[in-house]
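Containing compact mmCIF, C-alpha atoms and all ligand atoms: upload-v1.txt.
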# COMPACT_ATOMS: atom_id res chain seq x y z
CA MET A 1 -111.81 55.26 122.83
CA VAL A 2 -111.21 58.62 121.12
CA LYS A 3 -113.01 58.92 117.81
CA ILE A 4 -112.79 61.54 115.11
CA ASP A 5 -115.91 63.25 113.76
CA PRO A 6 -116.07 62.13 110.09
CA SER A 7 -118.68 64.70 109.05
CA ARG A 8 -116.75 67.60 110.60
CA LEU A 9 -113.60 66.47 108.75
CA TRP A 10 -115.51 66.21 105.46
CA LYS A 11 -117.01 69.65 106.07
CA SER A 12 -113.56 71.24 106.51
CA ILE A 13 -112.35 69.60 103.30
CA MET A 14 -115.37 70.91 101.37
CA GLU A 15 -115.25 74.34 103.04
CA THR A 16 -111.58 74.97 102.21
CA ALA A 17 -112.14 73.51 98.71
CA ARG A 18 -113.93 76.78 97.90
CA ILE A 19 -110.62 78.63 98.26
CA GLY A 20 -109.10 78.55 94.80
CA GLU A 21 -111.78 76.31 93.31
CA THR A 22 -111.77 75.82 89.54
CA PRO A 23 -114.87 75.65 87.31
CA ARG A 24 -114.30 71.91 86.82
CA GLY A 25 -114.44 71.10 90.53
CA GLY A 26 -110.72 71.09 91.24
CA LEU A 27 -108.37 73.53 92.94
CA CYS A 28 -105.78 76.06 91.85
CA ARG A 29 -103.99 77.08 95.04
CA LEU A 30 -100.42 77.75 94.04
CA ALA A 31 -97.84 78.15 96.80
CA LEU A 32 -97.78 81.66 98.34
CA SER A 33 -100.59 82.95 96.10
CA ASP A 34 -103.54 84.95 97.47
CA GLU A 35 -105.47 81.65 97.65
CA ASP A 36 -102.66 80.04 99.67
CA LEU A 37 -102.80 83.07 101.99
CA GLU A 38 -106.56 82.66 102.40
CA VAL A 39 -106.38 78.96 103.29
CA ARG A 40 -103.46 79.61 105.67
CA ASP A 41 -105.57 82.24 107.43
CA TRP A 42 -108.45 79.74 107.60
CA LEU A 43 -106.13 77.19 109.26
CA THR A 44 -104.72 79.83 111.62
CA ARG A 45 -108.24 80.77 112.82
CA ALA A 46 -109.21 77.10 113.25
CA CYS A 47 -106.09 76.39 115.35
CA GLU A 48 -106.51 79.56 117.42
CA GLN A 49 -110.11 78.57 118.20
CA LEU A 50 -108.68 75.38 119.67
CA GLY A 51 -106.28 77.35 121.82
CA CYS A 52 -103.26 75.85 120.06
CA SER A 53 -100.06 77.87 119.91
CA LEU A 54 -99.13 78.67 116.33
CA ALA A 55 -95.57 79.18 115.09
CA VAL A 56 -94.41 80.01 111.58
CA ASP A 57 -90.80 79.50 110.55
CA ASP A 58 -88.82 81.57 108.05
CA MET A 59 -89.82 79.19 105.22
CA GLY A 60 -93.50 79.78 105.99
CA ASN A 61 -94.00 76.27 107.42
CA MET A 62 -96.85 76.42 109.97
CA PHE A 63 -96.80 74.52 113.28
CA ALA A 64 -99.91 74.38 115.52
CA THR A 65 -99.19 72.74 118.86
CA ARG A 66 -101.57 71.17 121.37
CA ALA A 67 -99.63 70.90 124.62
CA GLY A 68 -98.91 67.56 126.29
CA TRP A 69 -98.44 67.01 130.02
CA ARG A 70 -94.69 66.36 129.77
CA HIS A 71 -93.13 69.72 129.13
CA ASP A 72 -89.74 68.46 127.98
CA ALA A 73 -91.18 66.05 125.36
CA ASP A 74 -90.75 66.71 121.65
CA PRO A 75 -93.98 66.87 119.63
CA ILE A 76 -95.51 63.95 117.76
CA CYS A 77 -96.38 65.53 114.42
CA VAL A 78 -99.00 65.10 111.71
CA GLY A 79 -99.34 67.13 108.54
CA SER A 80 -98.92 67.59 104.82
CA HIS A 81 -99.50 70.56 102.48
CA LEU A 82 -102.34 72.93 101.49
CA ASP A 83 -100.88 74.12 98.17
CA THR A 84 -102.01 72.46 94.91
CA GLN A 85 -101.10 72.08 91.26
CA PRO A 86 -102.68 74.64 88.86
CA THR A 87 -105.30 72.00 87.97
CA GLY A 88 -105.10 70.09 91.24
CA GLY A 89 -107.66 68.19 93.27
CA ARG A 90 -109.33 68.61 96.66
CA PHE A 91 -107.42 65.88 98.55
CA ASP A 92 -103.73 65.79 97.61
CA GLY A 93 -101.96 67.15 100.70
CA ILE A 94 -105.12 68.81 102.02
CA LEU A 95 -106.32 65.51 103.50
CA GLY A 96 -103.19 65.20 105.67
CA VAL A 97 -103.46 68.72 107.08
CA LEU A 98 -107.22 68.73 107.70
CA ALA A 99 -107.17 65.21 109.19
CA GLY A 100 -104.48 66.57 111.53
CA LEU A 101 -106.78 69.45 112.46
CA GLU A 102 -109.63 66.98 113.05
CA ILE A 103 -107.35 65.02 115.38
CA LEU A 104 -106.59 68.11 117.45
CA ARG A 105 -110.33 68.86 117.65
CA SER A 106 -111.20 65.27 118.63
CA LEU A 107 -108.56 65.20 121.37
CA ASP A 108 -110.15 68.37 122.75
CA ASP A 109 -113.69 66.97 122.47
CA HIS A 110 -112.69 63.94 124.52
CA GLY A 111 -110.52 65.92 126.94
CA VAL A 112 -107.55 63.69 126.15
CA GLU A 113 -104.25 64.55 127.77
CA THR A 114 -101.30 63.23 125.80
CA GLU A 115 -97.80 62.91 127.19
CA HIS A 116 -96.22 64.52 124.13
CA PRO A 117 -97.42 67.70 122.51
CA ILE A 118 -99.29 66.94 119.27
CA GLN A 119 -98.25 69.23 116.45
CA LEU A 120 -100.01 69.90 113.15
CA ILE A 121 -97.73 70.99 110.28
CA ASN A 122 -98.56 72.69 106.97
CA TRP A 123 -95.40 72.52 104.82
CA THR A 124 -94.72 75.34 102.34
CA ASN A 125 -94.69 74.62 98.59
CA GLU A 126 -94.88 70.85 98.41
CA GLU A 127 -96.07 70.89 94.80
CA GLY A 128 -93.26 72.87 93.19
CA ALA A 129 -95.71 74.04 90.52
CA ARG A 130 -95.10 77.78 90.88
CA PHE A 131 -91.62 77.70 92.44
CA ALA A 132 -89.30 74.74 91.69
CA PRO A 133 -88.21 72.40 93.15
CA ALA A 134 -91.01 70.54 94.94
CA MET A 135 -91.15 69.78 98.70
CA MET A 136 -89.29 72.96 99.58
CA GLY A 137 -90.47 73.61 103.14
CA SER A 138 -89.81 70.05 104.30
CA GLY A 139 -86.58 69.88 102.26
CA VAL A 140 -85.14 72.92 104.02
CA PHE A 141 -86.41 71.64 107.40
CA ALA A 142 -84.56 68.35 106.78
CA ARG A 143 -81.42 70.25 105.69
CA ALA A 144 -81.60 68.48 102.33
CA VAL A 145 -82.20 71.71 100.39
CA ASP A 146 -80.38 75.05 100.66
CA LYS A 147 -82.60 77.74 102.21
CA GLY A 148 -80.89 80.68 100.49
CA ALA A 149 -81.31 79.08 97.08
CA VAL A 150 -85.03 78.36 97.51
CA LEU A 151 -85.80 81.80 98.97
CA ALA A 152 -84.18 83.25 95.84
CA SER A 153 -86.07 81.00 93.42
CA ARG A 154 -88.45 82.82 91.08
CA ASP A 155 -91.77 81.98 89.48
CA ARG A 156 -92.44 82.51 85.74
CA ASP A 157 -93.19 86.19 86.34
CA GLY A 158 -89.82 86.67 88.03
CA VAL A 159 -91.30 87.03 91.54
CA ARG A 160 -88.95 85.81 94.29
CA LEU A 161 -90.27 83.20 96.73
CA GLY A 162 -88.82 85.08 99.72
CA ASP A 163 -90.64 88.28 98.68
CA GLU A 164 -93.94 86.40 98.32
CA LEU A 165 -93.54 84.91 101.81
CA THR A 166 -93.15 88.44 103.18
CA ARG A 167 -96.03 89.81 101.08
CA ILE A 168 -98.53 87.25 102.36
CA GLY A 169 -97.28 87.69 105.92
CA TYR A 170 -96.06 84.12 106.47
CA ARG A 171 -92.32 84.67 106.78
CA GLY A 172 -91.92 83.77 110.43
CA GLU A 173 -89.16 84.36 112.94
CA GLU A 174 -88.10 80.83 113.78
CA PRO A 175 -85.19 79.56 111.65
CA CYS A 176 -86.50 76.60 109.60
CA GLY A 177 -85.50 73.24 111.10
CA ARG A 178 -84.70 74.73 114.51
CA HIS A 179 -87.14 72.77 116.68
CA ALA A 180 -86.98 69.02 117.25
CA LEU A 181 -89.77 66.57 116.37
CA ASP A 182 -90.38 63.25 118.13
CA SER A 183 -91.92 61.70 115.00
CA TYR A 184 -93.92 62.56 111.89
CA PHE A 185 -97.04 60.85 110.47
CA GLU A 186 -98.57 61.84 107.12
CA LEU A 187 -101.95 60.71 105.77
CA HIS A 188 -102.23 61.06 101.98
CA ILE A 189 -104.27 59.76 99.07
CA GLU A 190 -102.36 57.04 97.24
CA GLN A 191 -102.30 58.95 93.92
CA GLY A 192 -102.19 55.59 92.18
CA PRO A 193 -104.61 52.71 91.48
CA VAL A 194 -103.28 49.88 93.67
CA LEU A 195 -105.47 50.16 96.81
CA GLU A 196 -108.66 50.73 94.83
CA SER A 197 -108.03 47.87 92.43
CA GLU A 198 -107.44 45.46 95.32
CA GLY A 199 -110.36 46.71 97.42
CA LYS A 200 -108.06 47.87 100.26
CA VAL A 201 -108.82 50.94 102.35
CA ILE A 202 -105.61 51.52 104.31
CA GLY A 203 -102.13 51.46 102.79
CA ILE A 204 -99.39 50.93 105.39
CA VAL A 205 -96.59 52.83 103.64
CA GLU A 206 -93.23 51.19 104.30
CA GLY A 207 -91.13 53.64 102.33
CA ALA A 208 -90.72 55.40 99.03
CA GLN A 209 -89.02 54.33 95.86
CA GLY A 210 -85.85 56.02 94.62
CA MET A 211 -85.97 58.49 91.74
CA ARG A 212 -83.36 59.81 89.34
CA TRP A 213 -83.98 62.65 86.89
CA TYR A 214 -81.92 63.38 83.78
CA ASP A 215 -81.84 65.98 81.00
CA LEU A 216 -80.75 64.76 77.58
CA THR A 217 -79.92 66.97 74.61
CA VAL A 218 -79.33 65.30 71.25
CA CYS A 219 -77.69 67.29 68.43
CA GLY A 220 -77.72 66.53 64.71
CA SER A 221 -77.93 68.84 61.79
CA ALA A 222 -80.82 70.80 60.28
CA ALA A 223 -81.58 69.97 56.64
CA HIS A 224 -84.19 70.50 53.95
CA ALA A 225 -87.04 67.98 54.21
CA GLY A 226 -87.41 67.75 50.44
CA THR A 227 -83.84 67.55 49.23
CA THR A 228 -81.96 65.53 51.88
CA PRO A 229 -82.03 61.73 51.28
CA MET A 230 -82.90 59.66 54.34
CA GLN A 231 -79.50 58.00 54.62
CA LEU A 232 -77.71 61.36 54.67
CA ARG A 233 -79.71 62.87 57.54
CA ARG A 234 -78.60 63.46 61.12
CA ASP A 235 -82.08 63.78 62.61
CA ALA A 236 -81.94 64.64 66.34
CA LEU A 237 -85.65 63.94 66.89
CA VAL A 238 -85.46 60.45 65.38
CA GLY A 239 -82.49 59.69 67.65
CA ALA A 240 -84.36 60.92 70.73
CA ALA A 241 -87.52 59.02 69.75
CA ARG A 242 -85.57 55.76 69.43
CA ILE A 243 -84.11 56.40 72.89
CA VAL A 244 -87.66 56.85 74.30
CA CYS A 245 -88.66 53.45 72.88
CA ASP A 246 -85.45 51.79 74.12
CA LEU A 247 -86.02 53.13 77.66
CA ASN A 248 -89.60 51.86 77.73
CA GLU A 249 -88.37 48.44 76.63
CA LEU A 250 -85.62 48.56 79.24
CA ALA A 251 -88.11 49.18 82.09
CA GLU A 252 -90.39 46.39 80.86
CA GLU A 253 -87.51 43.99 80.44
CA MET A 254 -86.15 44.71 83.94
CA GLY A 255 -89.56 44.20 85.58
CA GLY A 256 -89.75 44.30 89.39
CA GLY A 257 -91.51 47.66 89.32
CA ALA A 258 -88.81 49.43 87.29
CA LEU A 259 -90.25 52.62 85.75
CA ALA A 260 -88.95 54.87 82.96
CA THR A 261 -90.81 57.99 81.84
CA ASN A 262 -90.08 60.66 79.25
CA GLY A 263 -92.38 63.56 80.06
CA VAL A 264 -90.90 66.18 77.74
CA LEU A 265 -89.62 65.87 74.16
CA GLU A 266 -88.94 69.12 72.33
CA SER A 267 -87.23 69.64 69.01
CA THR A 268 -85.86 72.62 67.13
CA PRO A 269 -86.13 74.47 64.86
CA GLY A 270 -89.72 73.18 64.97
CA SER A 271 -90.58 73.66 61.35
CA ARG A 272 -92.66 71.22 59.29
CA ASN A 273 -90.17 70.99 56.45
CA VAL A 274 -86.87 71.02 58.32
CA VAL A 275 -85.05 67.95 59.69
CA PRO A 276 -84.65 68.76 63.46
CA ASP A 277 -81.08 69.57 64.52
CA ARG A 278 -81.71 69.42 68.23
CA ALA A 279 -83.96 67.44 70.60
CA PHE A 280 -84.40 67.86 74.34
CA LEU A 281 -85.69 64.94 76.40
CA THR A 282 -86.42 64.52 80.12
CA ILE A 283 -85.89 61.11 81.72
CA ASP A 284 -87.38 59.91 85.03
CA LEU A 285 -86.22 56.52 86.38
CA ARG A 286 -87.75 54.97 89.52
CA ASN A 287 -87.25 51.81 91.55
CA PRO A 288 -87.37 50.82 95.24
CA ASP A 289 -83.80 49.43 94.98
CA ASP A 290 -80.79 51.71 94.54
CA GLY A 291 -78.78 48.84 93.00
CA VAL A 292 -81.43 48.43 90.30
CA LEU A 293 -81.31 52.20 89.68
CA ASP A 294 -77.52 51.91 89.22
CA VAL A 295 -78.08 49.21 86.59
CA MET A 296 -80.78 51.29 84.89
CA GLU A 297 -78.43 54.27 84.82
CA GLU A 298 -75.66 52.20 83.21
CA ARG A 299 -78.09 50.89 80.60
CA LEU A 300 -79.35 54.44 79.98
CA ASP A 301 -75.77 55.60 79.30
CA ARG A 302 -75.27 52.73 76.86
CA ILE A 303 -78.62 53.21 75.09
CA VAL A 304 -77.93 56.91 74.55
CA SER A 305 -74.34 56.50 73.34
CA ASP A 306 -75.19 53.53 71.05
CA ARG A 307 -78.21 55.23 69.49
CA CYS A 308 -76.37 58.50 68.97
CA SER A 309 -73.28 56.91 67.43
CA ASN A 310 -75.48 54.82 65.08
CA GLU A 311 -77.34 57.92 63.91
CA GLY A 312 -74.26 60.17 63.73
CA LEU A 313 -75.51 62.41 66.54
CA GLU A 314 -73.86 64.18 69.45
CA PHE A 315 -75.40 64.28 72.92
CA GLN A 316 -75.20 65.67 76.41
CA LEU A 317 -76.72 63.59 79.24
CA GLU A 318 -76.86 64.98 82.76
CA ARG A 319 -78.35 63.68 86.00
CA ILE A 320 -80.06 66.76 87.47
CA TRP A 321 -81.72 65.38 90.63
CA SER A 322 -82.01 62.18 92.60
CA SER A 323 -83.79 60.94 95.69
CA PRO A 324 -82.59 57.63 97.16
CA PRO A 325 -85.09 54.91 98.14
CA VAL A 326 -86.40 55.43 101.67
CA ARG A 327 -87.47 52.90 104.32
CA PHE A 328 -89.67 54.53 106.94
CA ASP A 329 -88.97 54.05 110.66
CA SER A 330 -89.91 50.52 111.74
CA ASP A 331 -91.49 51.67 115.06
CA CYS A 332 -93.65 54.30 113.35
CA VAL A 333 -94.67 51.86 110.62
CA ALA A 334 -95.53 49.31 113.34
CA ALA A 335 -97.72 51.92 115.07
CA VAL A 336 -99.58 52.46 111.78
CA ARG A 337 -99.86 48.71 111.17
CA GLU A 338 -101.28 48.14 114.65
CA ALA A 339 -103.76 51.02 114.28
CA ALA A 340 -104.78 49.75 110.84
CA ARG A 341 -105.32 46.25 112.23
CA ARG A 342 -107.47 47.60 115.07
CA SER A 343 -109.56 49.60 112.57
CA GLY A 344 -110.77 46.34 111.00
CA GLN A 345 -110.31 47.85 107.52
CA PRO A 346 -108.75 45.86 104.65
CA THR A 347 -105.09 46.87 104.53
CA ARG A 348 -101.97 46.26 102.53
CA GLU A 349 -98.31 47.23 102.78
CA ILE A 350 -97.32 49.63 100.01
CA LEU A 351 -94.41 51.75 98.79
CA SER A 352 -94.92 55.35 97.78
CA GLY A 353 -94.33 55.92 94.09
CA ALA A 354 -94.44 59.70 94.47
CA GLY A 355 -92.37 62.18 96.46
CA HIS A 356 -93.86 63.53 99.72
CA ASP A 357 -92.84 65.86 102.54
CA ALA A 358 -92.56 62.69 104.65
CA VAL A 359 -89.73 61.46 102.42
CA TYR A 360 -87.52 64.44 103.35
CA ILE A 361 -88.61 64.47 106.99
CA SER A 362 -87.77 60.76 107.31
CA ARG A 363 -84.10 61.71 106.90
CA ILE A 364 -84.07 63.40 110.30
CA VAL A 365 -87.12 62.17 112.25
CA PRO A 366 -88.84 58.75 112.70
CA THR A 367 -91.58 58.87 110.06
CA ALA A 368 -94.44 56.85 108.59
CA MET A 369 -97.25 57.41 106.09
CA ILE A 370 -100.81 56.15 105.63
CA PHE A 371 -102.48 55.95 102.21
CA ILE A 372 -106.17 55.77 101.34
CA PRO A 373 -107.51 55.03 97.84
CA CYS A 374 -108.42 57.75 95.37
CA GLU A 375 -110.96 57.21 92.60
CA GLY A 376 -109.41 55.67 89.50
CA GLY A 377 -105.95 56.33 90.97
CA LEU A 378 -106.35 59.88 89.64
CA SER A 379 -104.36 62.75 91.19
CA HIS A 380 -102.88 66.08 90.08
CA ASN A 381 -106.22 66.31 88.29
CA GLU A 382 -109.37 68.37 88.93
CA GLN A 383 -111.39 65.14 89.00
CA GLU A 384 -109.33 63.79 91.93
CA ASN A 385 -111.74 62.20 94.39
CA ALA A 386 -111.83 60.11 97.58
CA GLU A 387 -114.71 58.38 99.36
CA GLN A 388 -115.94 60.01 102.57
CA GLU A 389 -115.71 56.64 104.40
CA HIS A 390 -112.11 56.15 103.28
CA VAL A 391 -111.20 59.67 104.42
CA ALA A 392 -112.73 58.90 107.82
CA ALA A 393 -110.97 55.53 108.04
CA GLY A 394 -107.59 57.11 107.19
CA ALA A 395 -108.00 59.88 109.76
CA SER A 396 -109.03 57.36 112.44
CA VAL A 397 -105.95 55.23 111.77
CA LEU A 398 -103.79 58.37 111.88
CA LEU A 399 -105.23 59.34 115.29
CA ASP A 400 -104.84 55.83 116.66
CA ALA A 401 -101.23 55.62 115.37
CA ILE A 402 -100.15 58.83 117.09
CA LEU A 403 -101.81 57.76 120.35
CA GLU A 404 -99.98 54.43 120.02
CA ARG A 405 -96.74 56.37 119.54
CA ASP A 406 -97.54 58.57 122.55
CA ARG A 407 -98.09 55.49 124.77
CA ALA A 408 -94.98 53.70 123.50
CA ARG A 409 -92.53 56.55 124.07
ZN ZN A 501 -99.22 65.75 98.09
Would you mind writing the structure in this file as structure tokens?
Amino acid sequence: MVKIDPSRLWKSIMETARIGETPRGGLCRLALSDEDLEVRDWLTRACEQLGCSLAVDDMGNMFATRAGWRHDADPICVGSHLDTQPTGGRFDGILGVLAGLEILRSLDDHGVETEHPIQLINWTNEEGARFAPAMMGSGVFARAVDKGAVLASRDRDGVRLGDELTRIGYRGEEPCGRHALDSYFELHIEQGPVLESEGKVIGIVEGAQGMRWYDLTVCGSAAHAGTTPMQLRRDALVGAARIVCDLNELAEEMGGGALATNGVLESTPGSRNVVPDRAFLTIDLRNPDDGVLDVMEERLDRIVSDRCSNEGLEFQLERIWSSPPVRFDSDCVAAVREAARRSGQPTREILSGAGHDAVYISRIVPTAMIFIPCEGGLSHNEQENAEQEHVAAGASVLLDAILERDRAR
């Protein structure tokens, strides 16, 4: 039986963690930065040493291919992303790419000939921290996102993404999304506390929950804090704050994993002694069921219009982005389940609460994901951590799942 080398995998994680490392033990490796360039070059050298052919598409997505014996077969793919948040950790995304590299190395060590080519993918700009939106490389590949628009997107300094791709030398020839994939498997840390709290090591990811994002602007009227009686105020911030509380109650009342989050609340004019005339609020609703999201959206509309009319406020509510719930391919999930069972590790079925490259890719290619626990459920955080044994277990299940796929097809 083919086995990965757990210490070699751990060593590549720790070695690349020096590229963009922060003083607090995390990583700052923003998409298409000099640090991203350095880690891409590291991956390129590692794949070339294996004799893999390396292709880069015009979104900067990297594809390293280990040939199979059937020349007309589409590749079975593994991968994730090497970019991080500005105060990111050493495992988010990185685990999936470096476990993929370890798989290629292990297949070579054991002289394994697969029927399909095995392809390792590093997707460009999964995090969306420097250039918005997130999951760009996989989004364009899956034809869910417009390539022209993302190439033209700019970071805070006004630098265009397309120009940065050219500058770092990773704007390839192949049009993004041109080549076919047989299937796609992504290993990732859970980024939540469920596996750890239940003592499970492998999460068999069956799909991802749906998400809807909204922008809300509430308008009232600015007034003097010392001379305007309470009953005569039209305070935009108070209206928005009541909406925040109502939405939290709504999610709790609905239960069944319904989530409502308000990450941003800003008010103007932002002066201590002025009643705010304007408040801006972001709203993030999530649930595995699109019907439940429809109900939540209706309730959101009602909460906002009721609160605003009670407080004498005007508002503008706009849905700015949505991602429907996803069920991963049943054959690919079965391959993961079978590999997880054979590993003898404690497992559980799980849904992804976060977005991933796999969510876009699942629109066009049979896809599955594997989760391992991360310490305290912490991610997008410099303290993000995973156990070496869990990393090894996840990579072994990933290898076994793709070999299962290779046999079955
Ligand atoms: Zn990630």
Residues contacting ligand ZN 501 (chain A) - anything with an atom at most 9 Å away, using all atoms listed in the file - can you give me those as number ranges by chain? A: 80-84, 91-96, 126-127, 188-189, 191, 354-357, 380
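Comparing the minimum interatomic distances between Arg234 in chain A and each of A:Val333, A:Leu161, A:Met136, A:Val274, counting all atoms listed in the file, we find that A:Val274 sits nearest.
Coordinates place CA of Glu196 in chain A at a distance of 21.3 Å from CA of Pro288 in chain A.
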Which one is closest to Val336 in chain A: A:Gly203, A:Pro373, A:Pro324, A:Gly220? Count only C-alpha atoms. A:Gly203
Excluding Leu247 in chain A and residues on its chain fewer than 3 positions from it, collect all residues at most 9 Å away from it, counting all atoms listed in the file, and give them as a PyMOL selection string. chain A and resi 242-244+250-252+260-262+283+299-300+303
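The nearest approach to Leu50 in chain A among the residues A:Asp215, A:Leu398, A:Gly128, A:Asp108, with all atoms listed in the file taken into account, belongs to A:Asp108.
Of the listed residues (A:Pro269, A:Pro366, A:Gly100, A:Pro229), A:Gly100 comes nearest to Asn122 in chain A; the distances count all atoms listed in the file.
The nearest approach to Gly89 in chain A among the residues A:Leu54, A:Ala340, A:Ala386, A:Val365, with all atoms listed in the file taken into account, belongs to A:Ala386.
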Top pick for closest residue to Arg348 in chain A, considering A:Tyr214, A:Tyr360, A:Phe371, A:Phe141 and counting only C-alpha atoms: A:Phe371
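Reported to one decimal place, the separation of CA of Leu37 in chain A from CA of Gln49 in chain A is 18.3 Å.
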List the spatial neighbours of Gly88 in chain A as a PyMOL selection string - criterion: any atom at most 6 Å away, all atoms listed in the file, same-chain residues fewer than 3 positions off excluded. chain A and resi 26-27+84-85+380-382
For a test of reading the model, state the distance in Å between CA of Gly263 in chain A and CA of Gly291 in chain A, rounded to one decimal. 23.9 Å
Which residues, written as JSON, numbers by chain, have at least one atom at most 6 Å from Glu186 in chain A, with all atoms listed in the file counted and residues fewer than 5 positions away on the same chain left out? {"A": [78, 79, 96, 369]}
As a PDB file with C-alpha atoms, in the coordinates of the input, please: the residues near Ala222 in chain A (cut-off 9 Å, all atoms listed in the file, same-chain neighbours under 5 positions excluded).
ATOM      1  CA  ARG A 233     -79.710  62.870  57.540  1.00  0.00           C
ATOM      2  CA  ARG A 234     -78.600  63.460  61.120  1.00  0.00           C
ATOM      3  CA  ASP A 235     -82.080  63.780  62.610  1.00  0.00           C
ATOM      4  CA  ALA A 236     -81.940  64.640  66.340  1.00  0.00           C
ATOM      5  CA  THR A 268     -85.860  72.620  67.130  1.00  0.00           C
ATOM      6  CA  PRO A 269     -86.130  74.470  64.860  1.00  0.00           C
ATOM      7  CA  VAL A 274     -86.870  71.020  58.320  1.00  0.00           C
ATOM      8  CA  VAL A 275     -85.050  67.950  59.690  1.00  0.00           C
ATOM      9  CA  PRO A 276     -84.650  68.760  63.460  1.00  0.00           C
ATOM     10  CA  ASP A 277     -81.080  69.570  64.520  1.00  0.00           C
ATOM     11  CA  ARG A 278     -81.710  69.420  68.230  1.00  0.00           C
TER      12      ARG A 278
END
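Residues within 9 Å of Arg40 in chain A, counting only C-alpha atoms and excluding same-chain residues fewer than 2 positions away, are A:Glu35, A:Asp36, A:Leu37, A:Glu38, A:Trp42, A:Leu43, A:Thr44, A:Arg45, A:Met62, A:Leu82, A:Asn122, A:Tyr170.
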Dump C-alpha atoms for the selected residues as a JSON list (two decimals), keeping the file's coordinate frame?
[["chain", "number", "residue", "atom", "x", "y", "z"],
["A", 35, "GLU", "CA", -105.47, 81.65, 97.65],
["A", 36, "ASP", "CA", -102.66, 80.04, 99.67],
["A", 37, "LEU", "CA", -102.80, 83.07, 101.99],
["A", 38, "GLU", "CA", -106.56, 82.66, 102.40],
["A", 42, "TRP", "CA", -108.45, 79.74, 107.60],
["A", 43, "LEU", "CA", -106.13, 77.19, 109.26],
["A", 44, "THR", "CA", -104.72, 79.83, 111.62],
["A", 45, "ARG", "CA", -108.24, 80.77, 112.82],
["A", 62, "MET", "CA", -96.85, 76.42, 109.97],
["A", 82, "LEU", "CA", -102.34, 72.93, 101.49],
["A", 122, "ASN", "CA", -98.56, 72.69, 106.97],
["A", 170, "TYR", "CA", -96.06, 84.12, 106.47]]
